[in-house]
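The structure file final17.txt is reproduced below (compact mmCIF, C-alpha atoms and all ligand atoms).
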```
# COMPACT_ATOMS: atom_id res chain seq x y z
CA MET A 1391 0.00 0.00 0.00
CA SER A 1392 1.29 3.41 -0.95
CA ARG A 1393 1.93 5.77 1.93
CA LEU A 1394 0.40 9.20 2.33
CA VAL A 1395 2.89 11.98 3.00
CA PHE A 1396 2.09 15.43 4.33
CA MET A 1397 3.63 18.05 2.02
CA ASN A 1398 3.32 21.68 3.13
CA ASP A 1399 -0.43 21.85 3.55
CA ARG A 1400 -1.97 18.49 2.64
CA LEU A 1401 -1.59 14.76 2.45
CA VAL A 1402 -0.50 13.45 -0.94
CA PRO A 1403 0.32 9.95 -2.17
CA GLU A 1404 3.99 9.04 -1.67
CA ALA A 1405 4.66 9.19 -5.44
CA GLU A 1406 3.52 12.82 -5.52
CA ALA A 1407 5.53 13.87 -2.49
CA ARG A 1408 8.48 15.48 -4.28
CA VAL A 1409 10.96 18.29 -3.74
CA SER A 1410 12.84 20.25 -6.38
CA VAL A 1411 16.36 19.21 -7.42
CA PHE A 1412 17.20 22.85 -6.56
CA ASP A 1413 16.06 22.40 -2.95
CA HIS A 1414 18.90 23.40 -0.65
CA GLY A 1415 17.96 20.53 1.65
CA LEU A 1416 19.07 18.21 -1.14
CA LEU A 1417 21.93 20.31 -2.48
CA TYR A 1418 23.51 21.27 0.84
CA GLY A 1419 21.77 19.46 3.70
CA ASP A 1420 20.32 22.88 4.47
CA GLY A 1421 17.32 22.17 6.69
CA VAL A 1422 16.27 20.59 9.96
CA PHE A 1423 14.35 17.53 11.07
CA GLU A 1424 12.79 15.63 13.94
CA GLY A 1425 12.14 11.97 14.63
CA LEU A 1426 9.08 11.30 16.78
CA ARG A 1427 7.29 8.21 17.94
CA ALA A 1428 3.61 7.52 18.54
CA TYR A 1429 2.30 4.99 21.03
CA SER A 1430 -1.36 4.01 20.68
CA GLY A 1431 -2.04 7.06 18.53
CA ARG A 1432 -0.37 9.52 20.88
CA VAL A 1433 2.96 11.18 20.07
CA PHE A 1434 5.43 10.95 22.94
CA ARG A 1435 6.53 14.41 24.12
CA LEU A 1436 5.28 16.22 21.04
CA ALA A 1437 5.84 19.66 22.58
CA GLU A 1438 9.50 18.89 23.30
CA HIS A 1439 10.06 17.69 19.75
CA LEU A 1440 8.42 20.83 18.37
CA ASP A 1441 10.55 22.99 20.69
CA ARG A 1442 13.70 21.28 19.42
CA LEU A 1443 12.61 21.61 15.79
CA TRP A 1444 11.92 25.32 16.20
CA ALA A 1445 15.22 25.79 18.05
CA SER A 1446 17.13 23.99 15.29
CA ALA A 1447 15.41 26.13 12.64
CA ARG A 1448 16.09 29.33 14.54
CA ALA A 1449 19.77 28.45 14.85
CA ILE A 1450 20.06 28.24 11.05
CA CYS A 1451 17.80 31.27 10.39
CA LEU A 1452 15.11 29.13 8.81
CA GLU A 1453 11.55 30.25 9.32
CA ILE A 1454 9.16 27.31 9.55
CA PRO A 1455 6.19 28.38 7.42
CA VAL A 1456 3.53 26.66 9.53
CA SER A 1457 2.47 27.09 13.14
CA ARG A 1458 3.20 24.54 15.87
CA ASP A 1459 -0.50 23.72 16.04
CA VAL A 1460 -0.74 23.06 12.32
CA LEU A 1461 2.36 20.89 12.38
CA GLY A 1462 1.12 18.99 15.44
CA ARG A 1463 -2.16 18.27 13.66
CA ALA A 1464 -0.32 17.29 10.46
CA ILE A 1465 1.68 14.73 12.47
CA ASP A 1466 -1.51 13.21 13.93
CA GLU A 1467 -3.22 13.19 10.54
CA THR A 1468 -0.27 11.55 8.82
CA LEU A 1469 -0.13 8.78 11.41
CA ALA A 1470 -3.89 8.23 11.19
CA ALA A 1471 -4.00 8.33 7.38
CA ASN A 1472 -1.34 5.62 7.23
CA GLY A 1473 -2.99 3.47 9.89
CA LEU A 1474 -0.01 3.74 12.22
CA PRO A 1475 -1.14 4.35 15.80
CA ASP A 1476 2.24 2.93 16.81
CA GLY A 1477 4.74 4.37 14.41
CA TYR A 1478 7.69 6.59 13.71
CA VAL A 1479 7.30 10.09 12.30
CA ARG A 1480 9.91 12.06 10.43
CA VAL A 1481 9.35 15.80 10.13
CA VAL A 1482 11.63 17.54 7.65
CA VAL A 1483 11.85 21.26 6.91
CA THR A 1484 14.11 22.13 4.01
CA ARG A 1485 15.34 25.59 3.04
CA GLY A 1486 13.39 25.25 -0.21
CA ALA A 1487 14.34 25.59 -3.87
CA GLY A 1488 17.00 28.13 -4.72
CA SER A 1489 19.91 28.72 -7.06
CA LEU A 1490 22.97 26.47 -7.27
CA GLY A 1491 24.79 29.00 -5.09
CA LEU A 1492 24.83 28.66 -1.32
CA ASP A 1493 22.99 31.90 -0.59
CA PRO A 1494 19.93 31.06 1.54
CA ALA A 1495 18.44 34.43 0.60
CA ARG A 1496 18.00 33.12 -2.93
CA THR A 1497 15.72 30.29 -1.85
CA SER A 1498 11.96 30.43 -1.71
CA ALA A 1499 9.34 28.46 0.13
CA PRO A 1500 10.78 26.11 2.76
CA GLN A 1501 9.26 22.66 2.34
CA VAL A 1502 7.50 21.02 5.30
CA ILE A 1503 7.31 17.24 5.01
CA VAL A 1504 5.82 14.72 7.44
CA ILE A 1505 6.40 11.02 6.82
CA ALA A 1506 4.95 8.25 8.99
CA ASP A 1507 6.48 4.81 8.87
CA ARG A 1508 6.80 1.58 10.73
CA LEU A 1509 9.61 1.64 13.26
CA ALA A 1510 13.02 0.43 12.16
CA LEU A 1511 14.37 -1.17 15.32
CA TYR A 1512 17.63 -2.87 16.21
CA PRO A 1513 17.38 -6.67 15.93
CA ALA A 1514 15.31 -7.87 18.92
CA GLU A 1515 17.78 -10.54 19.92
CA GLN A 1516 20.64 -7.97 20.04
CA VAL A 1517 18.51 -5.63 22.16
CA GLU A 1518 17.70 -8.51 24.49
CA ARG A 1519 21.31 -9.57 24.92
CA GLY A 1520 22.74 -6.05 24.80
CA LEU A 1521 24.62 -4.34 21.97
CA ARG A 1522 28.29 -4.59 21.06
CA LEU A 1523 29.68 -1.20 20.07
CA VAL A 1524 32.93 0.17 18.73
CA THR A 1525 34.32 3.68 19.00
CA ALA A 1526 34.40 5.41 15.64
CA ALA A 1527 37.57 7.21 14.56
CA THR A 1528 35.30 9.90 13.09
CA GLN A 1529 34.88 12.54 15.78
CA ARG A 1530 31.56 14.25 16.45
CA SER A 1531 31.35 17.59 14.63
CA HIS A 1532 33.20 20.36 16.45
CA PRO A 1533 30.46 22.51 18.02
CA ALA A 1534 32.10 25.58 16.55
CA ALA A 1535 31.81 24.06 13.07
CA LEU A 1536 28.27 22.75 13.25
CA SER A 1537 26.63 22.45 16.64
CA PRO A 1538 25.42 18.91 17.32
CA ARG A 1539 22.56 20.58 19.22
CA ILE A 1540 21.07 21.47 15.82
CA LYS A 1541 19.20 18.50 14.37
CA SER A 1542 20.12 19.48 10.84
CA LEU A 1543 19.78 17.61 7.57
CA ASN A 1544 23.57 17.47 7.46
CA TYR A 1545 24.13 14.07 9.07
CA LEU A 1546 27.24 13.03 7.15
CA ASN A 1547 29.31 13.23 10.32
CA ASN A 1548 27.07 10.61 11.92
CA ILE A 1549 26.87 8.55 8.74
CA MET A 1550 30.68 8.35 8.56
CA ALA A 1551 30.71 6.97 12.10
CA LYS A 1552 27.78 4.65 11.38
CA LEU A 1553 29.75 3.21 8.44
CA GLU A 1554 32.63 2.45 10.78
CA GLY A 1555 30.24 0.72 13.18
CA LYS A 1556 28.70 -1.35 10.38
CA GLN A 1557 32.13 -2.29 9.05
CA ALA A 1558 32.93 -3.63 12.52
CA GLY A 1559 29.66 -5.60 12.56
CA CYS A 1560 27.88 -3.26 14.98
CA VAL A 1561 24.49 -1.54 14.67
CA GLU A 1562 25.67 1.63 16.42
CA ALA A 1563 29.02 3.34 17.07
CA LEU A 1564 30.29 5.52 19.88
CA MET A 1565 31.49 8.99 18.90
CA LEU A 1566 34.03 11.09 20.80
CA ASN A 1567 34.22 14.85 20.58
CA HIS A 1568 37.19 16.91 19.40
CA LYS A 1569 38.67 16.72 22.93
CA GLY A 1570 38.53 12.94 22.95
CA GLU A 1571 35.65 12.89 25.43
CA VAL A 1572 32.60 10.68 25.03
CA ALA A 1573 29.87 12.51 23.12
CA GLU A 1574 27.11 10.18 21.92
CA CYS A 1575 26.33 7.47 19.40
CA THR A 1576 25.42 8.19 15.79
CA ALA A 1577 21.70 8.51 16.60
CA ASP A 1578 21.46 7.74 20.32
CA ASN A 1579 22.66 9.22 23.62
CA VAL A 1580 24.93 7.37 26.03
CA PHE A 1581 24.62 6.58 29.74
CA VAL A 1582 26.83 4.66 32.14
CA VAL A 1583 26.35 3.37 35.66
CA ARG A 1584 29.44 3.75 37.84
CA GLY A 1585 28.95 2.66 41.42
CA SER A 1586 25.78 4.32 42.69
CA ARG A 1587 25.73 6.98 39.96
CA LEU A 1588 24.14 7.23 36.57
CA LEU A 1589 26.22 9.47 34.30
CA THR A 1590 25.68 10.97 30.84
CA PRO A 1591 27.70 13.52 28.89
CA PRO A 1592 26.56 17.17 29.17
CA PRO A 1593 25.35 19.24 26.20
CA ASP A 1594 28.74 20.91 25.92
CA ALA A 1595 30.31 17.51 25.16
CA GLY A 1596 28.85 18.13 21.70
CA ILE A 1597 25.64 16.12 21.73
CA LEU A 1598 22.09 16.33 20.58
CA GLU A 1599 20.06 16.70 23.77
CA GLY A 1600 17.87 13.69 23.25
CA ILE A 1601 14.29 13.76 24.40
CA THR A 1602 14.59 10.13 25.50
CA ARG A 1603 17.74 11.11 27.41
CA GLY A 1604 15.76 13.80 29.25
CA ALA A 1605 12.93 11.39 30.06
CA VAL A 1606 15.38 8.76 31.37
CA MET A 1607 17.11 11.33 33.57
CA GLU A 1608 13.72 12.26 35.05
CA LEU A 1609 12.85 8.60 35.60
CA ALA A 1610 16.19 8.02 37.32
CA VAL A 1611 15.62 10.94 39.69
CA ALA A 1612 12.09 9.69 40.44
CA ALA A 1613 13.54 6.25 41.20
CA GLY A 1614 16.03 7.77 43.65
CA ILE A 1615 19.03 7.12 41.39
CA ASP A 1616 21.78 9.73 41.56
CA CYS A 1617 21.86 10.92 37.94
CA ARG A 1618 24.33 13.55 36.75
CA GLU A 1619 25.79 15.02 33.62
CA ALA A 1620 29.53 14.39 33.60
CA THR A 1621 32.45 14.58 31.22
CA LEU A 1622 33.32 10.99 30.36
CA THR A 1623 36.30 9.39 28.70
CA ARG A 1624 36.47 5.96 27.14
CA HIS A 1625 38.21 4.80 30.33
CA ASP A 1626 35.04 5.66 32.26
CA LEU A 1627 33.06 3.50 29.86
CA TYR A 1628 35.50 0.58 29.81
CA THR A 1629 35.45 0.48 33.61
CA ALA A 1630 31.69 1.15 34.04
CA ASP A 1631 29.34 -1.29 35.72
CA GLU A 1632 26.64 -0.81 33.10
CA MET A 1633 26.11 1.09 29.88
CA PHE A 1634 23.05 1.84 27.76
CA ILE A 1635 21.95 4.06 24.94
CA THR A 1636 18.71 6.01 24.46
CA GLY A 1637 16.78 7.32 21.48
CA THR A 1638 13.27 7.78 20.15
CA ALA A 1639 13.32 4.59 18.10
CA ALA A 1640 15.72 2.64 20.33
CA GLU A 1641 14.10 3.61 23.67
CA VAL A 1642 16.57 2.24 26.30
CA VAL A 1643 18.98 -0.39 24.96
CA PRO A 1644 21.74 -2.07 27.01
CA VAL A 1645 25.34 -2.07 25.77
CA VAL A 1646 27.42 -5.03 26.93
CA GLU A 1647 30.63 -4.60 24.99
CA LEU A 1648 32.69 -1.62 23.79
CA ASP A 1649 35.80 -1.98 21.64
CA GLY A 1650 36.09 -5.66 22.52
CA ARG A 1651 35.88 -5.07 26.29
CA ALA A 1652 32.95 -6.43 28.26
CA ILE A 1653 31.11 -3.69 30.16
CA GLY A 1654 30.57 -4.78 33.76
CA ASP A 1655 29.52 -8.42 33.78
CA GLY A 1656 28.92 -8.40 30.02
CA VAL A 1657 25.15 -8.69 30.45
CA PRO A 1658 22.43 -6.02 30.77
CA GLY A 1659 22.70 -4.64 34.30
CA PRO A 1660 19.99 -4.10 36.94
CA VAL A 1661 19.85 -0.28 36.67
CA THR A 1662 19.57 -0.51 32.88
CA ARG A 1663 16.78 -3.06 33.12
CA ARG A 1664 14.96 -1.03 35.73
CA LEU A 1665 15.12 2.18 33.67
CA ALA A 1666 14.19 0.37 30.44
CA ALA A 1667 11.10 -1.01 32.19
CA ALA A 1668 10.23 2.41 33.67
CA PHE A 1669 10.59 4.03 30.25
CA HIS A 1670 8.41 1.33 28.71
CA ARG A 1671 5.71 2.06 31.29
CA LEU A 1672 6.04 5.83 30.79
CA VAL A 1673 5.61 5.79 27.01
CA ARG A 1674 2.85 3.23 26.99
CA GLY A 1675 1.10 5.11 29.76
CA GLY A 1676 1.07 8.28 27.64
CA GLY A 1677 3.89 10.15 29.49
N1 LIG B 1 21.81 11.85 19.15
C1 LIG B 1 21.61 12.01 17.84
C2 LIG B 1 22.75 12.44 16.99
C3 LIG B 1 20.34 11.78 17.27
O1 LIG B 1 20.14 11.95 15.97
C4 LIG B 1 19.29 11.37 18.12
C5 LIG B 1 17.92 11.17 17.56
N2 LIG B 1 17.76 9.98 16.86
C6 LIG B 1 19.56 11.18 19.49
C7 LIG B 1 20.82 11.45 19.97
C8 LIG B 1 18.47 10.74 20.44
O2 LIG B 1 17.52 11.77 20.57
P1 LIG B 1 15.99 11.46 20.91
O3 LIG B 1 15.96 10.75 22.19
O4 LIG B 1 15.36 12.81 20.97
O5 LIG B 1 15.47 10.62 19.78
```

Please re-express this file's structure in structure tokens.
Ligand code: PMP
Amino acid sequence: MSRLVFMNDRLVPEAEARVSVFDHGLLYGDGVFEGLRAYSGRVFRLAEHLDRLWASARAICLEIPVSRDVLGRAIDETLAANGLPDGYVRVVVTRGAGSLGLDPARTSAPQVIVIADRLALYPAEQVERGLRLVTAATQRSHPAALSPRIKSLNYLNNIMAKLEGKQAGCVEALMLNHKGEVAECTADNVFVVRGSRLLTPPPDAGILEGITRGAVMELAVAAGIDCREATLTRHDLYTADEMFITGTAAEVVPVVELDGRAIGDGVPGPVTRRLAAAFHRLVRGGG
């Protein structure tokens, strides 16, 4: 069955959902996006995703040509029209068609696209057992070059690291920042348990501030777990008791091996399992 895609102001069949070859989103990765997830017809933390989308757009001087309310409704309509009460939603806002030059002032009409799809998840058996990861040699973009806090259409930095992960037989890869500190994975945030503390890199480590990350930090606090942002090195990960990653599609996924070293006991740890279960309850309860 052909999908229906929301383009600017209406739903159109997938085959009619097209952008110009002059669109600066295509030519230069000039645009922003969001990845959201619906549970039983309700989008998890819609307002936070819209806040992040608008913040990303503002950072690149891109005016989103629809209101938050209109976009929120478009997301609901796209999920419903595709019969996906439990699904993944990609919102894309491109700079629009322009000239072959870089100048954003020579573009017109930013394109607003909403695509709903089935979730693409990591293999269930790997999630169950815990992931094996490697550290990519590709560093996370220097924040002064392109801030990782902007969820921009320019994801080549992450794709380069993802390629390294895939070449090592892994579904994700760890990325360090320009100082050699732990930043995040290619599309997921990182947490470790060390002793009685749950630690995750701060925004200034050069990360996207994940909405799942925020929810997990809240859940940890509510569960009485001492959760802090902290600068982490690979040593802190190699010697951690537990490690997990978080993301909209991934939710909370244990990591049991990094660069050939077992993390902790080499099996998903109790804090990870507890937080994964709490997150599961939160999203399915409408949190
Ligand atoms: N880091 C990066 C680079 C991402 O693209 C994402 C989103 N897939 C995340 C972290 C996780 O963010 P969220 O929990 O909001 O999906």

Protein and nucleic residues near ligand LIG 1 (chain B), 6 Å, all atoms listed in the file, as a PyMOL selection string:
chain A and resi 1576-1579+1598+1600-1603+1636-1638

With distances taken over all atoms listed in the file, the candidate from A:Gln1529, A:Thr1629, A:Thr1662, A:Ser1392 nearest Ile1615 (chain A) is A:Thr1662

**Message:** Using only C-alpha atoms, which protein or nucleic acid residues come within 7 Å of Phe1412 (chain A)? Drop anything in the same chain fewer than 2 positions from it, and give the result as a PyMOL selection string.
**Reply:** chain A and resi 1410+1414+1417+1487-1490

Measuring between only C-alpha atoms, which one of A:Val1422, A:Val1483, A:Glu1571, A:Val1502 shows the shortest distance to Ala1449 (chain A)?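 Residue with the minimum atom-to-atom distance to Ala1449 (chain A): A:Val1422.
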
Which residue out of A:Ala1445, A:Val1583, A:Ala1464, A:Leu1523 has the minimum interatomic distance to Cys1560 (chain A) when all atoms listed in the file are used?
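Closest to Cys1560 (chain A), using all atoms listed in the file: A:Leu1523.
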
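Taking CA of Val1643 (chain A) and CA of Val1582 (chain A) as endpoints, the distance between them is 11.8 Å.
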
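Taking CA of Glu1562 (chain A) and CA of Ala1613 (chain A) as the two end points, the separation is 28.0 Å.
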
- Item | Atomic separation - CA of Asp1631 (chain A) relative to CA of Arg1584 (chain A), Å |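 Distance reported for this atom pair: 5.5 Å.
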
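Using only C-alpha atoms, the nearest neighbour of Leu1589 (chain A) within the list A:Ala1612, A:Ala1620, A:Leu1452, A:Leu1440 is A:Ala1620.
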
List the spatial neighbours of Arg1519 (chain A) as a VMD selection string - criterion: any atom at most 9 Å away, all atoms listed in the file, same-chain residues fewer than 3 positions off excluded. chain A and resid 1514 to 1516 1644 to 1646 1657 to 1658

| said: Applying 7 Å and all atoms listed in the file, which residues near Ala1639 (chain A) remain after dropping the ones on its own chain fewer than 2 positions away? List them as a ChimeraX atom specification. | reply: /A:1509,1511,1637,1641

Give as a PDB file with C-alpha atoms, keeping the file's coordinate frame the set of residues within 10 Å of the point (29.6, 9.7, 11.6), where distances use the file's coordinates and all atoms listed in the file.
```pdb
ATOM      1  CA  ALA A1526      34.400   5.410  15.640  1.00  0.00           C
ATOM      2  CA  ALA A1527      37.570   7.210  14.560  1.00  0.00           C
ATOM      3  CA  THR A1528      35.300   9.900  13.090  1.00  0.00           C
ATOM      4  CA  GLN A1529      34.880  12.540  15.780  1.00  0.00           C
ATOM      5  CA  ARG A1530      31.560  14.250  16.450  1.00  0.00           C
ATOM      6  CA  SER A1531      31.350  17.590  14.630  1.00  0.00           C
ATOM      7  CA  TYR A1545      24.130  14.070   9.070  1.00  0.00           C
ATOM      8  CA  LEU A1546      27.240  13.030   7.150  1.00  0.00           C
ATOM      9  CA  ASN A1547      29.310  13.230  10.320  1.00  0.00           C
ATOM     10  CA  ASN A1548      27.070  10.610  11.920  1.00  0.00           C
ATOM     11  CA  ILE A1549      26.870   8.550   8.740  1.00  0.00           C
ATOM     12  CA  MET A1550      30.680   8.350   8.560  1.00  0.00           C
ATOM     13  CA  ALA A1551      30.710   6.970  12.100  1.00  0.00           C
ATOM     14  CA  LYS A1552      27.780   4.650  11.380  1.00  0.00           C
ATOM     15  CA  LEU A1553      29.750   3.210   8.440  1.00  0.00           C
ATOM     16  CA  GLU A1554      32.630   2.450  10.780  1.00  0.00           C
ATOM     17  CA  GLY A1555      30.240   0.720  13.180  1.00  0.00           C
ATOM     18  CA  ALA A1563      29.020   3.340  17.070  1.00  0.00           C
ATOM     19  CA  LEU A1564      30.290   5.520  19.880  1.00  0.00           C
ATOM     20  CA  MET A1565      31.490   8.990  18.900  1.00  0.00           C
ATOM     21  CA  CYS A1575      26.330   7.470  19.400  1.00  0.00           C
ATOM     22  CA  THR A1576      25.420   8.190  15.790  1.00  0.00           C
ATOM     23  CA  ALA A1577      21.700   8.510  16.600  1.00  0.00           C
TER      24      ALA A1577
END
```

TODO: For Leu1622 (chain A), list every protein, DNA or RNA residue within 9 Å, evaluated using all atoms listed in the file, and leave out those in the same chain fewer than 5 positions away; present the list as a count of residues only.
DONE: 8
